[in-house]
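Pasting upload31.pdb here (PDB, C-alpha atoms):
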```pdb
ATOM      1  CA  MET A1149      80.892   8.044  31.765
ATOM      2  CA  VAL A1150      77.949   5.705  32.355
ATOM      3  CA  ASP A1151      74.936   5.943  30.042
ATOM      4  CA  ASP A1152      72.903   3.278  28.269
ATOM      5  CA  ASP A1153      72.323   5.558  25.253
ATOM      6  CA  ARG A1154      75.061   4.940  22.658
ATOM      7  CA  ASP A1155      74.506   8.289  20.942
ATOM      8  CA  VAL A1156      74.926  10.135  24.233
ATOM      9  CA  ARG A1157      78.134   8.233  24.963
ATOM     10  CA  ARG A1158      79.523   9.083  21.544
ATOM     11  CA  SER A1159      78.534  12.733  21.800
ATOM     12  CA  ILE A1160      80.084  13.183  25.254
ATOM     13  CA  SER A1161      83.247  11.273  24.303
ATOM     14  CA  PHE A1162      83.702  13.566  21.302
ATOM     15  CA  MET A1163      83.017  16.651  23.440
ATOM     16  CA  LEU A1164      85.556  15.589  26.043
ATOM     17  CA  GLY A1165      88.098  14.636  23.397
ATOM     18  CA  THR A1166      88.014  18.095  21.861
ATOM     19  CA  ALA A1167      88.720  19.481  25.353
ATOM     20  CA  GLU A1168      91.643  17.030  25.691
ATOM     21  CA  LEU A1169      89.942  15.132  28.511
ATOM     22  CA  GLY A1170      90.213  11.352  28.490
ATOM     23  CA  SER A1171      87.062   9.346  29.103
ATOM     24  CA  ARG A1172      85.987   5.737  29.487
ATOM     25  CA  PRO A1173      82.419   5.024  28.364
ATOM     26  CA  PHE A1174      80.245   2.311  29.924
ATOM     27  CA  ALA A1175      76.882   1.175  28.576
ATOM     28  CA  SER A1176      75.529   0.078  31.951
ATOM     29  CA  GLY A1177      75.985   0.503  35.662
ATOM     30  CA  ALA A1178      76.938  -3.160  35.955
ATOM     31  CA  ASP A1179      79.760  -2.804  33.404
ATOM     32  CA  PHE A1180      81.083   0.234  35.259
ATOM     33  CA  LEU A1181      81.008  -1.433  38.669
ATOM     34  CA  GLU A1182      82.703  -4.568  37.323
ATOM     35  CA  SER A1183      85.556  -2.439  35.944
ATOM     36  CA  LEU A1184      86.119  -0.272  39.028
ATOM     37  CA  ASP A1185      89.238  -2.102  40.186
ATOM     38  CA  GLU A1186      91.070  -1.320  36.944
ATOM     39  CA  LEU A1187      90.117   2.370  36.789
ATOM     40  CA  GLU A1188      92.240   5.289  37.927
ATOM     41  CA  PRO A1189      90.470   7.720  40.302
ATOM     42  CA  GLY A1190      88.405  10.175  38.277
ATOM     43  CA  CYS A1191      85.101  11.977  37.960
ATOM     44  CA  VAL A1192      81.969   9.988  37.136
ATOM     45  CA  LEU A1193      79.395  11.233  34.629
ATOM     46  CA  LEU A1194      76.400   9.126  35.574
ATOM     47  CA  ASP A1195      73.029   8.751  33.916
ATOM     48  CA  ILE A1196      70.233   8.150  36.423
ATOM     49  CA  ARG A1197      67.641   6.367  34.314
ATOM     50  CA  MET A1198      69.182   3.073  33.169
ATOM     51  CA  PRO A1199      67.770  -0.459  32.986
ATOM     52  CA  GLU A1200      68.737  -3.116  35.546
ATOM     53  CA  ILE A1201      71.075  -1.008  37.705
ATOM     54  CA  ASP A1202      70.103   2.670  37.758
ATOM     55  CA  GLY A1203      72.268   5.609  38.762
ATOM     56  CA  PHE A1204      71.048   5.613  42.347
ATOM     57  CA  GLU A1205      72.130   1.995  42.786
ATOM     58  CA  VAL A1206      75.527   2.783  41.258
ATOM     59  CA  MET A1207      76.021   5.635  43.736
ATOM     60  CA  ALA A1208      74.981   3.414  46.637
ATOM     61  CA  GLU A1209      77.504   0.770  45.586
ATOM     62  CA  LEU A1210      80.284   3.360  45.273
ATOM     63  CA  ALA A1211      79.507   4.486  48.822
ATOM     64  CA  ARG A1212      79.455   0.882  50.061
ATOM     65  CA  ARG A1213      82.936   0.321  48.603
ATOM     66  CA  GLY A1214      84.225   3.559  50.094
ATOM     67  CA  ILE A1215      84.933   5.103  46.679
ATOM     68  CA  ASP A1216      84.682   8.869  47.016
ATOM     69  CA  TRP A1217      85.000   9.956  43.383
ATOM     70  CA  PRO A1218      82.972  13.060  42.474
ATOM     71  CA  VAL A1219      79.758  12.102  40.681
ATOM     72  CA  ILE A1220      77.955  14.373  38.222
ATOM     73  CA  VAL A1221      74.505  13.039  37.441
ATOM     74  CA  MET A1222      72.854  13.446  34.057
ATOM     75  CA  THR A1223      69.079  13.824  34.101
ATOM     76  CA  GLY A1224      66.333  14.411  31.594
ATOM     77  CA  HIS A1225      64.903  17.914  31.283
ATOM     78  CA  GLY A1226      62.729  18.864  34.246
ATOM     79  CA  GLU A1227      63.725  15.963  36.490
ATOM     80  CA  VAL A1228      64.618  18.252  39.372
ATOM     81  CA  SER A1229      63.327  15.918  42.091
ATOM     82  CA  ILE A1230      65.582  13.164  40.753
ATOM     83  CA  ALA A1231      68.556  15.513  40.725
ATOM     84  CA  VAL A1232      67.854  16.560  44.325
ATOM     85  CA  ARG A1233      67.711  12.920  45.432
ATOM     86  CA  ALA A1234      71.043  12.280  43.700
ATOM     87  CA  MET A1235      72.627  15.284  45.423
ATOM     88  CA  LYS A1236      71.464  13.960  48.791
ATOM     89  CA  LEU A1237      73.232  10.689  47.950
ATOM     90  CA  GLY A1238      76.473  12.582  47.390
ATOM     91  CA  ALA A1239      76.433  13.790  43.784
ATOM     92  CA  VAL A1240      78.448  16.992  43.477
ATOM     93  CA  ASP A1241      76.458  18.428  40.549
ATOM     94  CA  PHE A1242      73.785  17.612  37.997
ATOM     95  CA  ILE A1243      73.316  18.598  34.394
ATOM     96  CA  GLU A1244      70.159  18.323  32.343
ATOM     97  CA  LYS A1245      70.140  16.715  28.908
ATOM     98  CA  PRO A1246      70.654  18.037  26.347
ATOM     99  CA  PHE A1247      73.546  20.138  27.676
ATOM    100  CA  ASP A1248      76.145  22.273  25.957
ATOM    101  CA  GLU A1249      79.894  21.824  26.095
ATOM    102  CA  GLY A1250      80.523  24.862  28.292
ATOM    103  CA  LEU A1251      78.158  23.642  30.996
ATOM    104  CA  LEU A1252      79.663  20.156  30.978
ATOM    105  CA  LEU A1253      83.255  21.402  31.134
ATOM    106  CA  SER A1254      82.446  23.882  33.910
ATOM    107  CA  SER A1255      80.873  21.113  35.972
ATOM    108  CA  LEU A1256      83.817  18.793  35.332
ATOM    109  CA  ASP A1257      86.287  21.507  36.289
ATOM    110  CA  ARG A1258      84.648  21.809  39.715
ATOM    111  CA  ALA A1259      84.519  18.021  40.068
ATOM    112  CA  PHE A1260      88.229  17.591  39.249
ATOM    113  CA  GLY A1261      89.018  20.241  41.871
ATOM    114  CA  LEU A1262      87.114  18.170  44.426
ATOM    115  CA  LEU A1263      88.872  14.996  43.288
ATOM    116  CA  LYS A1264      92.258  16.625  43.893
ATOM    117  CA  ASP A1265      91.206  17.871  47.334
ATOM    118  CA  ARG A1266      89.816  14.481  48.320
ATOM    119  CA  GLY A1267      92.943  12.720  47.103
ATOM    120  CA  GLU A1268      95.163  15.014  49.152
ATOM    121  CA  LYS A1269      92.949  14.532  52.211
ATOM    122  CA  ALA A1270      93.092  10.732  51.800
ATOM    123  CA  GLU A1271      96.890  10.865  51.572
ATOM    124  CA  ARG A1272      97.117  13.016  54.718
ATOM    125  CA  LYS A1273      94.886  10.502  56.505
ATOM    126  CA  ARG A1274      97.045   7.587  55.352
ATOM    127  CA  GLN A1275     100.248   9.269  56.527
ATOM    128  CA  ALA A1276      98.697  10.245  59.866
ATOM    129  CA  GLN A1277      97.425   6.698  60.451
ATOM    130  CA  GLU A1278     100.865   5.340  59.637
ATOM    131  CA  ARG A1279     102.525   7.597  62.218
ATOM    132  CA  ILE A1280      99.904   6.904  64.875
ATOM    133  CA  GLY A1281     100.220   3.195  64.120
ATOM    134  CA  SER A1282     103.744   3.374  65.582
ATOM    135  CA  LEU A1283     102.358   4.133  69.075
ATOM    136  CA  THR A1284     102.043   1.549  71.812
ATOM    137  CA  ALA A1285      98.542   0.823  73.124
ATOM    138  CA  ARG A1286      99.152   2.967  76.215
ATOM    139  CA  GLU A1287     100.597   5.859  74.186
ATOM    140  CA  HIS A1288      97.515   5.656  71.971
ATOM    141  CA  GLU A1289      95.284   5.956  75.054
ATOM    142  CA  VAL A1290      97.277   8.967  76.259
ATOM    143  CA  LEU A1291      96.761  10.623  72.853
ATOM    144  CA  GLN A1292      93.030   9.923  73.042
ATOM    145  CA  GLY A1293      92.951  11.443  76.518
ATOM    146  CA  LEU A1294      94.703  14.566  75.280
ATOM    147  CA  MET A1295      92.142  14.779  72.462
ATOM    148  CA  ALA A1296      89.413  14.761  75.128
ATOM    149  CA  GLY A1297      91.143  17.694  76.817
ATOM    150  CA  LEU A1298      92.079  15.746  79.964
ATOM    151  CA  PRO A1299      94.924  17.201  82.043
ATOM    152  CA  ASN A1300      97.745  14.768  82.881
ATOM    153  CA  LYS A1301      96.506  14.284  86.481
ATOM    154  CA  VAL A1302      92.969  13.430  85.377
ATOM    155  CA  LEU A1303      94.313  11.178  82.626
ATOM    156  CA  ALA A1304      96.491   9.331  85.155
ATOM    157  CA  ARG A1305      93.450   8.669  87.349
ATOM    158  CA  HIS A1306      91.373   7.623  84.349
ATOM    159  CA  LEU A1307      93.995   5.107  83.174
ATOM    160  CA  GLY A1308      94.883   3.926  86.679
ATOM    161  CA  ILE A1309      98.552   4.854  86.383
ATOM    162  CA  SER A1310     100.817   7.422  88.019
ATOM    163  CA  LEU A1311     101.213  10.992  86.840
ATOM    164  CA  ARG A1312     104.897  10.302  86.152
ATOM    165  CA  THR A1313     103.963   7.334  83.941
ATOM    166  CA  VAL A1314     101.506   9.481  81.980
ATOM    167  CA  GLU A1315     104.208  12.102  81.453
ATOM    168  CA  MET A1316     106.639   9.398  80.276
ATOM    169  CA  HIS A1317     104.103   7.948  77.808
ATOM    170  CA  ARG A1318     103.245  11.439  76.589
ATOM    171  CA  ALA A1319     106.914  12.251  75.911
ATOM    172  CA  ASN A1320     107.403   8.915  74.117
ATOM    173  CA  MET A1321     104.245   9.512  72.101
ATOM    174  CA  MET A1322     105.508  12.897  70.916
ATOM    175  CA  ASP A1323     108.832  11.343  69.919
ATOM    176  CA  ARG A1324     107.220   8.503  67.954
ATOM    177  CA  LEU A1325     104.884  10.908  66.165
ATOM    178  CA  GLN A1326     107.791  13.279  65.485
ATOM    179  CA  ALA A1327     105.437  16.028  66.632
ATOM    180  CA  GLY A1328     106.942  19.359  67.618
ATOM    181  CA  SER A1329     103.903  20.439  69.618
ATOM    182  CA  LEU A1330     100.727  19.106  71.162
ATOM    183  CA  ALA A1331      98.756  20.899  68.440
ATOM    184  CA  GLU A1332     100.636  18.930  65.773
ATOM    185  CA  ALA A1333      99.973  15.631  67.576
ATOM    186  CA  LEU A1334      96.267  16.444  67.889
ATOM    187  CA  THR A1335      96.113  17.439  64.213
ATOM    188  CA  LEU A1336      97.531  14.029  63.271
ATOM    189  CA  ALA A1337      94.938  12.337  65.480
ATOM    190  CA  VAL A1338      92.090  14.244  63.827
ATOM    191  CA  GLN A1339      93.430  13.483  60.338
ATOM    192  CA  ALA A1340      93.651   9.792  61.250
ATOM    193  CA  GLU A1341      90.054   9.963  62.568
ATOM    194  CA  ILE A1342      90.997   8.810  66.070
ATOM    195  CA  GLU A1343      88.206   9.071  68.640
ATOM    196  CA  PRO A1344      88.815  10.932  71.924
ATOM    197  CA  LEU A1345      88.875   8.959  75.172
ATOM    198  CA  GLU A1346      85.480   8.544  76.852
ATOM    199  CA  PRO A1347      85.105  10.826  79.885
ATOM    200  CA  LEU A1348      85.057   9.236  83.344
ATOM    201  CA  GLY A1349      81.768   7.470  83.845
ATOM    202  CA  GLY A1350      81.122   7.209  80.094
ATOM    203  CA  LYS A1351      78.557   9.261  78.214
TER     204      LYS A1351
END
```
Please go through the file and, once you have read it, give me the structure as structure tokens.
Amino acid sequence: MVDDDRDVRRSISFMLGTAELGSRPFASGADFLESLDELEPGCVLLDIRMPEIDGFEVMAELARRGIDWPVIVMTGHGEVSIAVRAMKLGAVDFIEKPFDEGLLLSSLDRAFGLLKDRGEKAERKRQAQERIGSLTAREHEVLQGLMAGLPNKVLARHLGISLRTVEMHRANMMDRLQAGSLAEALTLAVQAEIEPLEPLGGK
């Protein structure tokens, strides 16, 4: 929870405590950003209007560091344009001050659901990258070619190798990935965010 107003921090901390939700209050965006490395992944309740580093700058820095924690922005009454700007920057929700406990908890419930989904997606990506990291450079190229939908013959011509060699690399690739089907291998590639091979002649 990041808000420069001490009374707001106290009020929200009490509200969250009664709902048995742990919180860590910060009086400024700078304090929050300096403490990021020691924080467990969680949802961020972020005030927009703060001195020195405002909420927009905090969100930009989170994006720069690749931290994808759900952000709920807190705005003053009637600041819809500010809320819209925050949503465009990646905020998952906004609540207007003063807000009641039910609204806050409902918003947090949705945000924690997103946090769980994002965590599971990140873990799938990590595991997929680990498995694909076991491929040789040529096997990796064969996988990229398969992602592009290239038949073995076309892939052989593209890579300047024989059809038999492509088939050998493809079989080895499937073994290393421990993939039972081409669909499973392609799913791993998508999860690992591998790019397909460029078509002949480039784009």
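We find atom CA of Ser1254 of chain A and atom CA of Ala1175 of chain A to be spaced 24.0 Å apart.
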What's the 12 Å shell around segment 1339-1341 of chain A, counting only C-alpha atoms, without same-chain residues fewer than 5 positions away, as a VMD selection string?
chain A and resid 1268 to 1281 1292 1295 1332 to 1334
Using the chain letters and numbering of this document, enumerate as a JSON list (two decimals) with C-alpha atoms, in the frame of the given file the residues selected by the PyMOL selection byres ((chain A and resi 1288) around 12).
```json
[["chain", "number", "residue", "atom", "x", "y", "z"],
["A", 1277, "GLN", "CA", 97.42, 6.70, 60.45],
["A", 1279, "ARG", "CA", 102.52, 7.60, 62.22],
["A", 1280, "ILE", "CA", 99.90, 6.90, 64.88],
["A", 1281, "GLY", "CA", 100.22, 3.20, 64.12],
["A", 1282, "SER", "CA", 103.74, 3.37, 65.58],
["A", 1283, "LEU", "CA", 102.36, 4.13, 69.08],
["A", 1284, "THR", "CA", 102.04, 1.55, 71.81],
["A", 1285, "ALA", "CA", 98.54, 0.82, 73.12],
["A", 1286, "ARG", "CA", 99.15, 2.97, 76.22],
["A", 1287, "GLU", "CA", 100.60, 5.86, 74.19],
["A", 1289, "GLU", "CA", 95.28, 5.96, 75.05],
["A", 1290, "VAL", "CA", 97.28, 8.97, 76.26],
["A", 1291, "LEU", "CA", 96.76, 10.62, 72.85],
["A", 1292, "GLN", "CA", 93.03, 9.92, 73.04],
["A", 1293, "GLY", "CA", 92.95, 11.44, 76.52],
["A", 1294, "LEU", "CA", 94.70, 14.57, 75.28],
["A", 1295, "MET", "CA", 92.14, 14.78, 72.46],
["A", 1307, "LEU", "CA", 94.00, 5.11, 83.17],
["A", 1314, "VAL", "CA", 101.51, 9.48, 81.98],
["A", 1317, "HIS", "CA", 104.10, 7.95, 77.81],
["A", 1318, "ARG", "CA", 103.24, 11.44, 76.59],
["A", 1320, "ASN", "CA", 107.40, 8.91, 74.12],
["A", 1321, "MET", "CA", 104.24, 9.51, 72.10],
["A", 1322, "MET", "CA", 105.51, 12.90, 70.92],
["A", 1324, "ARG", "CA", 107.22, 8.50, 67.95],
["A", 1325, "LEU", "CA", 104.88, 10.91, 66.17],
["A", 1333, "ALA", "CA", 99.97, 15.63, 67.58],
["A", 1334, "LEU", "CA", 96.27, 16.44, 67.89],
["A", 1337, "ALA", "CA", 94.94, 12.34, 65.48],
["A", 1342, "ILE", "CA", 91.00, 8.81, 66.07],
["A", 1343, "GLU", "CA", 88.21, 9.07, 68.64],
["A", 1344, "PRO", "CA", 88.82, 10.93, 71.92],
["A", 1345, "LEU", "CA", 88.88, 8.96, 75.17]]
```
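From atom CA of Arg1213 of chain A back to atom CA of Val1240 of chain A, the distance works out to 18.0 Å.
The spacing separating atom CA of Asp1152 of chain A from atom CA of Ile1215 of chain A amounts to 22.1 Å.
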Step by step, work through what the PyMOL selection byres ((chain A and resi 1256) around 10) selects in the shown file, and finish by giving those residues as a count of residues only.
22
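Using all atoms listed in the file, the shortest contact distance between Glu1182 of chain A and any of A:Val1206, A:Met1316, A:Leu1194, A:Ala1304 is found at A:Val1206.
Proximity to Val1156 of chain A was assessed for A:Glu1315, A:Glu1188, A:Asp1195, A:Glu1168 counting only C-alpha atoms; the smallest distance is recorded for A:Asp1195.
Nearest to Asp1185 of chain A of all the residues A:Leu1210, A:Val1338, A:Leu1263, A:Ile1201 is A:Leu1210, based on only C-alpha atoms.
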